[in-house]
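Peer 1: Enclosed is the structure file input_14.cif (mmCIF, C-alpha atoms).
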data_structure
loop_
_atom_site.label_atom_id
_atom_site.label_comp_id
_atom_site.auth_asym_id
_atom_site.auth_seq_id
_atom_site.Cartn_x
_atom_site.Cartn_y
_atom_site.Cartn_z
CA MET A 1 30.79 1.92 -4.94
CA ARG A 2 31.66 -0.57 -7.68
CA LYS A 3 29.42 -0.17 -10.69
CA THR A 4 28.00 -3.35 -12.17
CA CYS A 5 26.21 -2.83 -15.43
CA ILE A 6 25.16 -4.69 -18.53
CA LYS A 7 25.64 -2.31 -21.42
CA SER A 8 22.91 -3.77 -23.56
CA ILE A 9 20.10 -2.84 -21.16
CA THR A 10 21.29 0.60 -20.06
CA THR A 11 20.38 2.54 -23.20
CA ARG A 12 16.93 4.02 -22.78
CA TYR A 13 14.49 6.26 -24.59
CA VAL A 14 12.89 8.78 -22.26
CA THR A 15 10.75 11.88 -22.27
CA PRO A 16 9.69 14.11 -19.38
CA THR A 17 6.17 12.66 -19.65
CA LEU A 18 7.43 9.08 -19.36
CA LEU A 19 9.61 9.91 -16.35
CA TYR A 20 6.79 11.85 -14.73
CA TYR A 21 4.44 8.91 -15.21
CA ASP A 22 6.98 6.64 -13.49
CA LEU A 23 6.99 9.02 -10.53
CA VAL A 24 3.30 9.80 -10.04
CA SER A 25 1.38 7.44 -12.37
CA SER A 26 -0.04 10.38 -14.32
CA ASP A 27 0.67 11.63 -17.84
CA ILE A 28 -0.78 15.08 -17.16
CA ILE A 29 2.36 17.19 -16.86
CA SER A 30 2.67 20.97 -16.64
CA GLN A 31 5.19 22.96 -18.66
CA ASN A 32 6.97 23.94 -15.46
CA THR A 33 7.31 20.30 -14.33
CA GLN A 34 8.49 19.26 -17.78
CA GLN A 35 11.22 21.89 -17.64
CA LYS A 36 12.31 20.69 -14.20
CA ILE A 37 12.71 17.12 -15.49
CA ILE A 38 14.70 18.33 -18.50
CA SER A 39 16.95 20.32 -16.15
CA GLY A 40 17.37 17.19 -14.04
CA ILE A 41 18.45 15.13 -17.04
CA ASN A 42 20.97 17.80 -18.03
CA ASN A 43 22.30 18.10 -14.48
CA LEU A 44 22.82 14.33 -14.20
CA SER A 45 24.64 14.46 -17.51
CA ASP A 46 26.84 17.35 -16.33
CA ILE A 47 28.03 15.39 -13.27
CA GLY A 48 28.57 12.20 -15.25
CA LEU A 49 25.82 10.01 -13.81
CA LEU A 50 24.25 9.51 -17.23
CA ARG A 51 25.20 10.16 -20.85
CA ILE A 52 22.90 11.79 -23.36
CA LEU A 53 23.40 9.86 -26.59
CA LYS A 54 20.82 11.81 -28.57
CA ALA A 55 18.57 14.73 -27.70
CA GLU A 56 15.70 16.17 -29.69
CA LYS A 57 13.84 17.85 -26.83
CA PRO A 58 11.72 16.62 -25.22
CA HIS A 59 12.96 13.25 -26.57
CA TYR A 60 16.16 11.71 -25.22
CA ILE A 61 18.17 8.56 -25.73
CA ILE A 62 20.39 8.12 -22.68
CA ASP A 63 22.95 5.69 -21.31
CA THR A 64 22.20 4.96 -17.62
CA SER A 65 25.08 2.57 -16.95
CA ASN A 66 26.66 4.99 -14.46
CA LEU A 67 23.48 4.90 -12.39
CA ILE A 68 23.80 1.16 -11.64
CA PHE A 69 25.73 0.23 -8.51
CA ASP A 70 26.57 -2.95 -6.65
CA SER A 71 24.78 -2.67 -3.32
CA ASN A 72 26.77 -5.62 -1.96
CA GLU A 73 29.96 -3.58 -2.15
CA GLU A 74 28.72 -0.51 -0.30
CA GLY A 75 25.39 0.53 1.18
CA PHE A 76 23.53 3.57 -0.07
CA LEU A 77 20.18 5.25 0.41
CA THR A 78 17.19 3.52 -1.16
CA ILE A 79 13.88 5.28 -1.75
CA ASP A 80 10.90 2.98 -2.19
CA CYS A 81 8.54 3.60 -5.11
CA ASP A 82 5.63 3.76 -2.70
CA GLU A 83 7.38 6.59 -0.82
CA ILE A 84 7.79 8.54 -4.06
CA TYR A 85 4.13 8.01 -4.99
CA ARG A 86 2.95 9.22 -1.58
CA VAL A 87 5.20 12.28 -1.72
CA ALA A 88 3.86 13.09 -5.19
CA GLU A 89 0.29 12.90 -3.90
CA ALA A 90 1.00 14.72 -0.64
CA ASP A 91 1.89 18.20 -1.82
CA LYS A 92 1.80 20.28 -5.00
CA ASP A 93 5.45 21.21 -4.46
CA ASN A 94 6.35 17.53 -4.64
CA PHE A 95 9.84 17.83 -6.14
CA LYS A 96 11.07 20.02 -3.28
CA LEU A 97 9.32 17.79 -0.76
CA LEU A 98 10.95 14.70 -2.29
CA LYS A 99 14.37 16.38 -2.16
CA TYR A 100 13.81 17.19 1.51
CA LEU A 101 12.75 13.59 2.25
CA VAL A 102 15.81 12.16 0.46
CA ILE A 103 18.14 14.41 2.46
CA MET A 104 16.33 13.60 5.71
CA LEU A 105 16.55 9.85 5.11
CA SER A 106 20.20 10.17 4.13
CA THR A 107 20.93 11.32 7.71
CA LEU A 108 19.70 8.04 9.25
CA SER A 109 22.61 6.64 11.20
CA SER A 110 24.35 3.43 10.15
CA LYS A 111 26.15 3.41 13.52
CA THR A 112 23.05 3.64 15.73
CA THR A 113 21.54 0.18 16.01
CA VAL A 114 18.34 -1.29 17.44
CA CYS A 115 17.92 -4.88 18.61
CA ALA A 116 14.57 -6.29 17.49
CA ASN A 117 13.63 -9.98 17.67
CA SER A 118 17.29 -10.86 18.30
CA LYS A 119 18.32 -9.05 15.12
CA ILE A 120 20.44 -5.91 14.93
CA VAL A 121 18.81 -3.24 12.73
CA LYS A 122 20.56 -0.07 11.55
CA ASN A 123 19.79 2.90 9.30
CA VAL A 124 16.48 3.49 11.10
CA ILE A 125 17.40 6.24 13.59
CA GLY A 126 18.01 9.91 12.73
CA ASN A 127 18.56 12.73 15.19
CA CYS A 128 19.89 15.75 13.28
CA THR A 129 18.66 19.09 14.57
CA ILE A 130 16.14 21.02 12.52
CA GLU A 131 18.89 23.58 11.88
CA LYS A 132 21.15 20.89 10.39
CA LEU A 133 18.35 19.54 8.18
CA CYS A 134 17.64 23.08 6.96
CA LEU A 135 21.32 23.59 6.11
CA LEU A 136 21.53 20.29 4.22
CA SER A 137 18.25 20.74 2.32
CA GLY A 138 18.47 24.47 1.67
CA VAL A 139 15.07 25.32 3.16
CA ASN A 140 14.21 27.62 6.04
CA GLU A 141 13.00 26.35 9.40
CA ARG A 142 9.37 27.24 8.75
CA THR A 143 9.39 25.21 5.52
CA ALA A 144 11.14 22.30 7.25
CA HIS A 145 8.42 22.15 9.91
CA LYS A 146 5.79 22.32 7.15
CA TYR A 147 7.43 19.45 5.25
CA ASN A 148 7.77 17.40 8.44
CA LYS A 149 4.05 17.74 9.09
CA ILE A 150 3.14 16.73 5.54
CA LEU A 151 5.43 13.70 5.68
CA GLU A 152 4.07 12.72 9.12
CA ASP A 153 0.42 13.18 8.13
CA ASN A 154 0.98 10.93 5.12
CA LYS A 155 2.77 8.31 7.25
CA ILE A 156 6.01 8.59 5.33
CA ILE A 157 8.14 9.55 8.32
CA TYR A 158 7.73 9.21 12.08
CA ILE A 159 9.08 11.83 14.51
CA TYR A 160 9.48 11.27 18.24
CA ARG A 161 9.32 14.56 20.15
CA PHE A 162 10.58 14.51 23.72
CA ALA A 163 8.11 15.69 26.33
CA SER A 164 10.63 16.31 29.12
CA ARG A 165 14.03 17.95 29.49
CA SER A 166 17.33 16.18 29.94
CA VAL A 167 18.44 15.99 33.58
CA LYS A 168 22.02 16.79 32.55
CA THR A 169 21.44 19.75 30.21
CA ASN A 170 17.96 20.94 31.28
CA LYS A 171 17.13 21.08 27.56
CA TYR A 172 14.83 19.02 25.38
CA PRO A 173 16.82 16.36 23.49
CA THR A 174 16.92 16.53 19.70
CA ASN A 175 13.94 14.82 18.06
CA ILE A 176 14.40 11.26 16.87
CA TYR A 177 13.01 10.46 13.42
CA GLY A 178 12.93 7.79 10.76
CA ARG A 179 10.66 6.06 8.28
CA PHE A 180 7.08 5.49 9.47
CA CYS A 181 7.41 1.77 8.72
CA ASN A 182 10.17 1.69 11.37
CA LYS A 183 8.05 3.34 14.08
CA LEU A 184 8.26 0.22 16.27
CA HIS A 185 12.07 0.16 16.05
CA ILE A 186 12.28 3.88 16.85
CA ASN A 187 10.09 3.50 19.92
CA MET A 188 12.12 0.49 21.03
CA TYR A 189 15.28 2.61 20.76
CA ILE A 190 13.60 5.43 22.70
CA SER A 191 12.43 3.20 25.53
CA SER A 192 15.33 0.74 25.82
CA THR A 193 18.32 2.96 25.01
CA LEU A 194 17.21 6.46 26.03
CA ASN A 195 14.75 5.36 28.74
CA TYR A 196 11.90 7.57 27.54
CA LEU A 197 8.28 6.62 27.08
CA PRO A 198 7.04 5.77 23.58
CA THR A 199 5.03 8.59 22.00
CA ASP A 200 1.61 6.96 22.50
CA GLU A 201 2.31 6.55 26.21
CA ILE A 202 3.44 10.18 26.45
CA ILE A 203 0.16 11.30 24.90
CA ASP A 204 -1.82 9.18 27.36
CA ALA A 205 0.25 10.49 30.29
CA LYS A 206 -0.32 14.08 29.17
CA LYS A 207 -4.06 13.49 28.90
CA THR A 208 -4.13 12.03 32.41
CA ILE A 209 -2.15 14.97 33.84
CA ASN A 210 -4.28 17.56 32.03
CA HIS A 211 -7.50 15.85 33.15
CA GLY A 212 -6.29 15.88 36.76
CA ARG A 213 -5.41 19.57 36.60
CA SER A 214 -8.81 20.35 35.09
CA MET A 215 -10.65 18.44 37.84
CA ILE A 216 -8.67 20.16 40.62
CA GLN A 217 -9.27 23.57 39.05
CA LYS A 218 -13.01 22.95 38.76
CA TYR A 219 -13.10 21.66 42.36
CA ASN A 220 -11.44 24.87 43.57
CA TYR A 221 -13.96 26.94 41.62
CA MET A 222 -16.76 24.98 43.26
CA LEU A 223 -15.36 25.94 46.65
CA LEU A 224 -15.70 29.56 45.54
CA GLY A 225 -19.35 29.02 44.63
CA LYS A 226 -19.21 28.19 40.91
CA GLU A 227 -21.96 25.89 39.65
CA TYR A 228 -21.42 23.12 37.06
CA PRO A 229 -23.83 20.74 35.30
CA LEU A 230 -24.46 17.53 37.22
CA GLU A 231 -22.43 15.39 34.81
CA VAL A 232 -19.39 17.64 35.33
CA VAL A 233 -19.86 17.63 39.10
CA THR A 234 -20.07 13.83 38.97
CA ASP A 235 -16.69 13.68 37.22
CA ILE A 236 -15.17 16.04 39.79
CA HIS A 237 -16.69 14.04 42.65
CA ASN A 238 -15.35 10.74 41.31
CA PHE A 239 -11.89 12.20 40.71
CA ILE A 240 -11.62 13.75 44.18
CA ASN A 241 -12.85 10.56 45.87
CA SER A 242 -10.33 8.51 43.90
CA ARG A 243 -7.49 10.84 44.89
CA ASN A 244 -8.59 10.85 48.53
CA GLU A 245 -8.66 7.06 48.56
CA LYS A 246 -5.18 6.96 47.04
CA TYR A 247 -3.70 9.27 49.71
CA GLN A 248 -5.55 7.43 52.50
CA ASN A 249 -4.00 4.14 51.33
CA LEU A 250 -0.54 5.74 51.09
CA TYR A 251 -0.88 7.05 54.65
CA GLU A 252 -1.98 3.67 55.98
CA SER A 253 0.87 1.83 54.24
CA SER A 254 3.62 4.34 55.11
CA GLY A 255 2.42 6.14 58.23
CA ASP A 256 3.46 9.44 56.61
CA GLU A 257 0.95 12.04 57.83
CA THR A 258 1.78 14.44 55.00
CA TYR A 259 -0.51 12.32 52.83
CA LEU A 260 -3.45 13.23 55.07
CA SER A 261 -2.96 16.92 54.23
CA LYS A 262 -3.62 16.10 50.58
CA ILE A 263 -7.07 14.64 51.27
CA ARG A 264 -9.71 17.14 50.14
CA ASP A 265 -13.03 17.96 51.79
CA THR A 266 -15.97 16.29 50.04
CA ASN A 267 -18.78 18.01 51.99
CA ILE A 268 -19.29 20.27 49.00
CA PHE A 269 -20.84 17.31 47.17
CA ASP A 270 -23.42 16.52 49.89
CA LYS A 271 -26.17 18.50 48.19
CA TYR A 272 -25.90 16.49 44.97
CA ASP A 273 -27.68 13.26 44.18
CA PHE A 274 -25.30 11.17 42.09
CA LEU A 275 -27.62 8.16 41.86
CA PRO A 276 -29.06 7.57 38.37
CA GLU A 277 -32.79 7.67 37.75
CA ASN A 278 -34.64 4.41 38.61
CA TRP A 279 -31.58 3.18 40.50
CA GLU A 280 -33.82 1.11 42.78
CA ASP A 281 -34.96 -0.95 39.81
CA ASP A 282 -31.40 -2.11 39.19
CA LEU A 283 -31.34 -3.79 42.59
CA PHE A 284 -33.93 -6.31 41.45
CA ASP A 285 -32.63 -7.01 37.94
#
Turn this file's structure into structure tokens for me.
Peer 2:
Amino acid sequence: MRKTCIKSITTRYVTPTLLYYDLVSSDIISQNTQQKIISGINNLSDIGLLRILKAEKPHYIIDTSNLIFDSNEEGFLTIDCDEIYRVAEADKDNFKLLKYLVIMLSTLSSKTTVCANSKIVKNVIGNCTIEKLCLLSGVNERTAHKYNKILEDNKIIYIYRFASRSVKTNKYPTNIYGRFCNKLHINMYISSTLNYLPTDEIIDAKKTINHGRSMIQKYNYMLLGKEYPLEVVTDIHNFINSRNEKYQNLYESSGDETYLSKIRDTNIFDKYDFLPENWEDDLFD
């Protein structure tokens, strides 16, 4: 990347407290955090990204000209101030969490594109495995999952987790992730390119499936003599009737008699009165 700098504005006076305030908007800094910032300044100096012109710890005068780049020449990762603030507030181990976030966002693909409103968007899709992210960030898998949850809960990143296996490999595809602000683009990529349901629809589908299984299970227990409160029996009754109607309609439209075998006996509900109290009054409202 071609550096573009104006020498006169790149000489700065800094202290760990000033830098910490820029990061988290607080001037209350622990000795441990202060030492980390000092180590960071020294490390940046060692690799040539800044020059220490004068140091009387914890006071520094530094030249930051090597930290200024021309983004028009070559793209590079940008971390928004708001993201840094939210990371700082999200976890007490915020420096390690920020490092993990930076590495995670650096894996967003510039080659994978999403078409949104007739515009091509890139650098929004990431799909490294958790093992690869652990290798790059130097954390173990348990810590990576912990950091992912913190970043998700604070709406810094968005992770799409596949609910079904690939037909070709019989394995779950690698999670897709990106910035939370790009959730819409990620879901568009999931649905249009990979032909999977967006996460919200997966959750709704799972709830529907789980509710159906629960109703069938309770119905079978009723056949064995188990008693449920009337409101639960009402739910079971409505579910079974709805399913029976569905299979009856499928039989009538297709002529396939296998649908008739799926219709369940409803005589078990005959002893229940599902009409609400004072139902007759509603007839004359």
Peer 1: If you measure from atom CA of A:Ile240 to atom CA of A:Tyr259, what distance in Å do you get, rounded to one decimal?
Peer 2: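 Spanning atom CA of A:Ile240 to atom CA of A:Tyr259 is a straight-line distance of 14.2 Å.
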Peer 1: Expand the PyMOL selection byres ((chain A and resi 182-187) around 7) into the explicit residue set it covers here, and present it as a VMD selection string.
Peer 2: chain A and resid 114 124 to 125 158 178 to 181 188 to 191 198
Peer 1: Exactly which residues make up the result of the PyMOL selection byres ((chain A and resi 176) around 6) on this file, given as a ChimeraX atom specification?
Peer 2: /A:126-127,159-160,175,177
Peer 1: Which of these, A:Arg264, A:Lys171, A:Lys155, A:Lys36, has the shortest distance to A:Thr17 once you count all atoms listed in the file?
Peer 2: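 Of A:Arg264, A:Lys171, A:Lys155, A:Lys36, the one nearest A:Thr17 is A:Lys36, counting all atoms listed in the file.
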Peer 1: Pick out the closest residue to A:Tyr221 from this set: A:Tyr21, A:Val233, A:Ile29, A:Leu105. Count all atoms listed in the file.
Peer 2: A:Val233
Peer 1: Report the distance between atom CA of A:Ile41 and atom CA of A:Thr107 in Å, rounded to one decimal place.
Peer 2: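 Straight-line distance from atom CA of A:Ile41 to atom CA of A:Thr107 works out to 25.2 Å.
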Peer 1: Please identify all polymer residues lying at most 10 Å from the point (-21.4, 24.0, 42.6) (file coordinates), using all atoms listed in the file, and present the result as a PyMOL selection string.
Peer 2: chain A and resi 218-219+221-230+232-233+268-269+271-272
Peer 1: Could you list, as a ChimeraX atom specification, every residue within 10 Å of A:Leu133, counting all atoms listed in the file and ignoring same-chain residues fewer than 5 positions away?
Peer 2: /A:100,103-104,107,127-128,138-141,144
Peer 1: For A:Asn94, find every residue with an atom within 10 Å (counting only C-alpha atoms), except residues of its own chain fewer than 5 positions away, and show them as a PyMOL selection string.
Peer 2: chain A and resi 24+84-89+99-100
Peer 1: Report, in Å to a single decimal, how far apart atom CA of A:Tyr147 and atom CA of A:Gln34 are.
Peer 2: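 These atoms are spaced 23.1 Å apart.
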Peer 1: Can you pull out every residue within 10 Å of A:Ser106, counting all atoms listed in the file, but drop anything in the same chain fewer than 3 positions away, and send it as JSON, numbers by chain?
Peer 2: {"A": [76, 77, 78, 79, 100, 101, 102, 103, 109, 110, 123, 126]}
Peer 1: How big is the axis-aligned box around all listed atoms of stretch 211-218 of chain A once 5 Å goes on each side, and where's its centre, in Å to one decimal, as AutoDock Vina command-line options?
Peer 2:
--center_x -9.2 --center_y 19.7 --center_z 36.9 --size_x 17.6 --size_y 17.7 --size_z 17.5
Peer 1: Quick one: residues within 12 Å of A:Asn241, only C-alpha atoms counted, chain neighbours fewer than 6 positions away excluded, as a VMD selection string?
Peer 2: chain A and resid 215 to 216 219 234 to 235 247 to 248 262 to 267 269
Peer 1: So which one's closest to A:Glu131, A:Leu23, A:Thr143, A:Ile38, A:Asp153? Using all atoms listed in the file, please.
Peer 2: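 Selected residue with least distance to A:Glu131: A:Thr143.
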Peer 1: Could you check the closest approach to A:Arg161 for each of A:Leu18, A:Pro173, A:Thr11, A:Ile37 and tell me which residue wins, using all atoms listed in the file?
Peer 2: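 With all atoms listed in the file as the atom set, the closest residue is A:Pro173.
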